[in-house]
Amino acid sequence: MKKTFVLAPDSFKESMTAKKACDAMERGIRNVFPEAEVIQVPMADGGEGTVDALVDSSKGARIEVTVSGPLPPEKVLTYYGLLGDKKTAVIEMAKANGIEQLAKEKRNPLLTSTYGTGEMIKAALDQGVEKIIIGIGGSATNDGGAGMAQALGARFLDEDNHELPLGGAALKALAKIDTTKLDPRLKDTEIIIASDVINPLIGPKGASVVFGPQKGATPLMVEELDQALAHYATVIERDLEIKIKEQPGAGAAGGLGAGLLVFTGAKMHSGIDLVIELTDLEEKIAHADYVFTGEGGMDFQTKFGKTPYGVAKIAKKYNKPVFACAGFIGEQVDVLYKEGITAIFGILAKAGPLEEALALGEINLERTVENIVRVLGVRRRLF
């Protein structure tokens, strides 16, 4: 009897997109079972690949746009997604203001800005959409979403009524927030933040302390940025009557979570749960015989909202076996077996340079999946 395989991997960072991972997995399956029914569901968890996963699954379109990069006035040519319903846009902030947009020596969260993300939101509003989904992983910024808000018409003023320059450090001079010219279309647009980060805006678990060093911040810069965001939150509470300091998720993307909550009225959602819903993954898994997932690296942190965990959670509900593939397998990965993952496989053929492993990702994934499926075939014949 023909078996049904559902393929729901995330991207393997710097090696292959989720769609290419699906293609490699399918080749591995068809090397053994050419007649198998294979259903591809490229996944993402709100970070890299979210736009592509949702555009591909909904038969939507990619809309090119030129916006400000992480260090304005530098520009980047990028794109956002328009889903198949023509009413929903999907944006990845990292495609405009992500850390991979900057060479290591240029990374400076005192200066980087989310202005380009605001420009992408404006472009989606110009498209006439009713809903915008914003994935906010992978940022290079620590400006509390102020740049994003400035691009949409908000004004951040110092004591002399001059507009503040862009960047996180400038917020320490904030004296007044003026939202009278904020784009009025935001009030009529549903905006959803796709993120699994629950960090508050400030403090020891906040945006600057936890994520600042990854973006190039020294200990002194971390302290300066945390103080600037604390002042920013105080002015927001005074001028806009919104308490944001301790809001879970406000610290995501250097505080872009806070900016979106405050200035666009956005709602926070789990990234992986959102993608699962929009791709109808549950219905597909319910009718599957086997489920394959994976991403570049898996360890105990995978349990905290990463794609393989989200996929396994659905498969467990229907008692479906789940095979996960990863470029590397880290510490305490055994905790995932209790969450619905049947087995985890590293895909590397041999020890070697990272560049080689990344370049051979599709070949290694195809071979690994083929070997898993060969074992499944033997089991079918024996039992």
# chains A, B, ... in the order shown; residues from 1 in each chain; ligands from 1
$ closest_atom_pairs --of "stretch 26-107 of chain A" --to "stretch 345-368 of chain A" --cutoff "9 Å" --atoms "only C-alpha atoms" --output "Markdown table"
| residue | atom | partner | partner_atom | distance |
| --- | --- | --- | --- | --- |
| A:Glu26 | CA | A:Glu366 | CA | 7.6 |
| A:Arg27 | CA | A:Glu366 | CA | 6.2 |
| A:Gly28 | CA | A:Glu366 | CA | 4.6 |
| A:Ile29 | CA | A:Glu366 | CA | 8.1 |
$ write_last_selection --atoms "N, CA, C and O atoms" --output "CSV table (one decimal), in the first residue's frame"
chain,number,residue,atom,x,y,z
A,26,GLU,N,12.5,14.7,-0.3
A,26,GLU,CA,11.7,14.0,-1.3
A,26,GLU,C,12.5,13.1,-2.2
A,26,GLU,O,12.2,12.0,-2.5
A,27,ARG,N,13.7,13.6,-2.6
A,27,ARG,CA,14.5,12.8,-3.5
A,27,ARG,C,15.0,11.5,-2.7
A,27,ARG,O,15.0,10.4,-3.3
A,28,GLY,N,15.3,11.7,-1.5
A,28,GLY,CA,15.7,10.5,-0.7
A,28,GLY,C,14.6,9.5,-0.5
A,28,GLY,O,14.9,8.3,-0.6
A,29,ILE,N,13.4,10.0,-0.4
A,29,ILE,CA,12.3,9.1,-0.3
A,29,ILE,C,12.0,8.3,-1.6
A,29,ILE,O,11.9,7.1,-1.6
$ select_by_dssp --residues "stretch 151-304 of chain A" --states "strand (DSSP E)" --output "ChimeraX atom specification"
/A:155-157,176-178,190-194,267-269,290-298
$ residues_around --residues "A:Gly138" --least-positions-apart "5" --cutoff "12 Å" --atoms "only C-alpha atoms" --output "list in words"
Lys13, Asp45, Gly46, Gly47, Glu48, Gly49, Thr50, Pro70, Glu92, Met93, Ala94, Lys95, Ala96, Asn97, Gly98, Ile99, Glu100, Gln101, Leu102, Ser195, Val197, Phe211, Gly212, Gln214, Lys215, Ala252, Ala253, Gly254 and Leu256 of chain A
$ residues_around --residues "stretch 71-75 of chain A" --least-positions-apart "4" --cutoff "7 Å" --atoms "only C-alpha atoms" --output "PDB file with N, CA, C and O atoms, in the first residue's frame"
ATOM      1  N   THR A  66      12.749  48.432  -2.188  1.00  0.00           N
ATOM      2  CA  THR A  66      14.024  48.973  -1.731  1.00  0.00           C
ATOM      3  C   THR A  66      13.771  49.798  -0.475  1.00  0.00           C
ATOM      4  O   THR A  66      12.964  50.732  -0.489  1.00  0.00           O
ATOM      5  N   VAL A  67      14.459  49.441   0.619  1.00  0.00           N
ATOM      6  CA  VAL A  67      14.238  50.112   1.903  1.00  0.00           C
ATOM      7  C   VAL A  67      15.581  50.379   2.577  1.00  0.00           C
ATOM      8  O   VAL A  67      16.634  49.930   2.114  1.00  0.00           O
ATOM      9  N   LEU A 111      23.836  52.323  16.765  1.00  0.00           N
ATOM     10  CA  LEU A 111      23.493  53.077  15.558  1.00  0.00           C
ATOM     11  C   LEU A 111      22.477  52.386  14.660  1.00  0.00           C
ATOM     12  O   LEU A 111      21.784  53.069  13.888  1.00  0.00           O
ATOM     13  N   THR A 112      22.395  51.067  14.705  1.00  0.00           N
ATOM     14  CA  THR A 112      21.507  50.358  13.779  1.00  0.00           C
ATOM     15  C   THR A 112      20.046  50.703  14.060  1.00  0.00           C
ATOM     16  O   THR A 112      19.660  51.034  15.175  1.00  0.00           O
ATOM     17  N   SER A 113      19.229  50.600  13.015  1.00  0.00           N
ATOM     18  CA  SER A 113      17.857  51.093  13.091  1.00  0.00           C
ATOM     19  C   SER A 113      16.875  50.136  12.423  1.00  0.00           C
ATOM     20  O   SER A 113      17.216  49.416  11.481  1.00  0.00           O
TER      21      SER A 113
END
$ atom_distance --atom1 "atom CA of A:His231" --atom2 "atom CA of A:Ser270"
28.1 Å
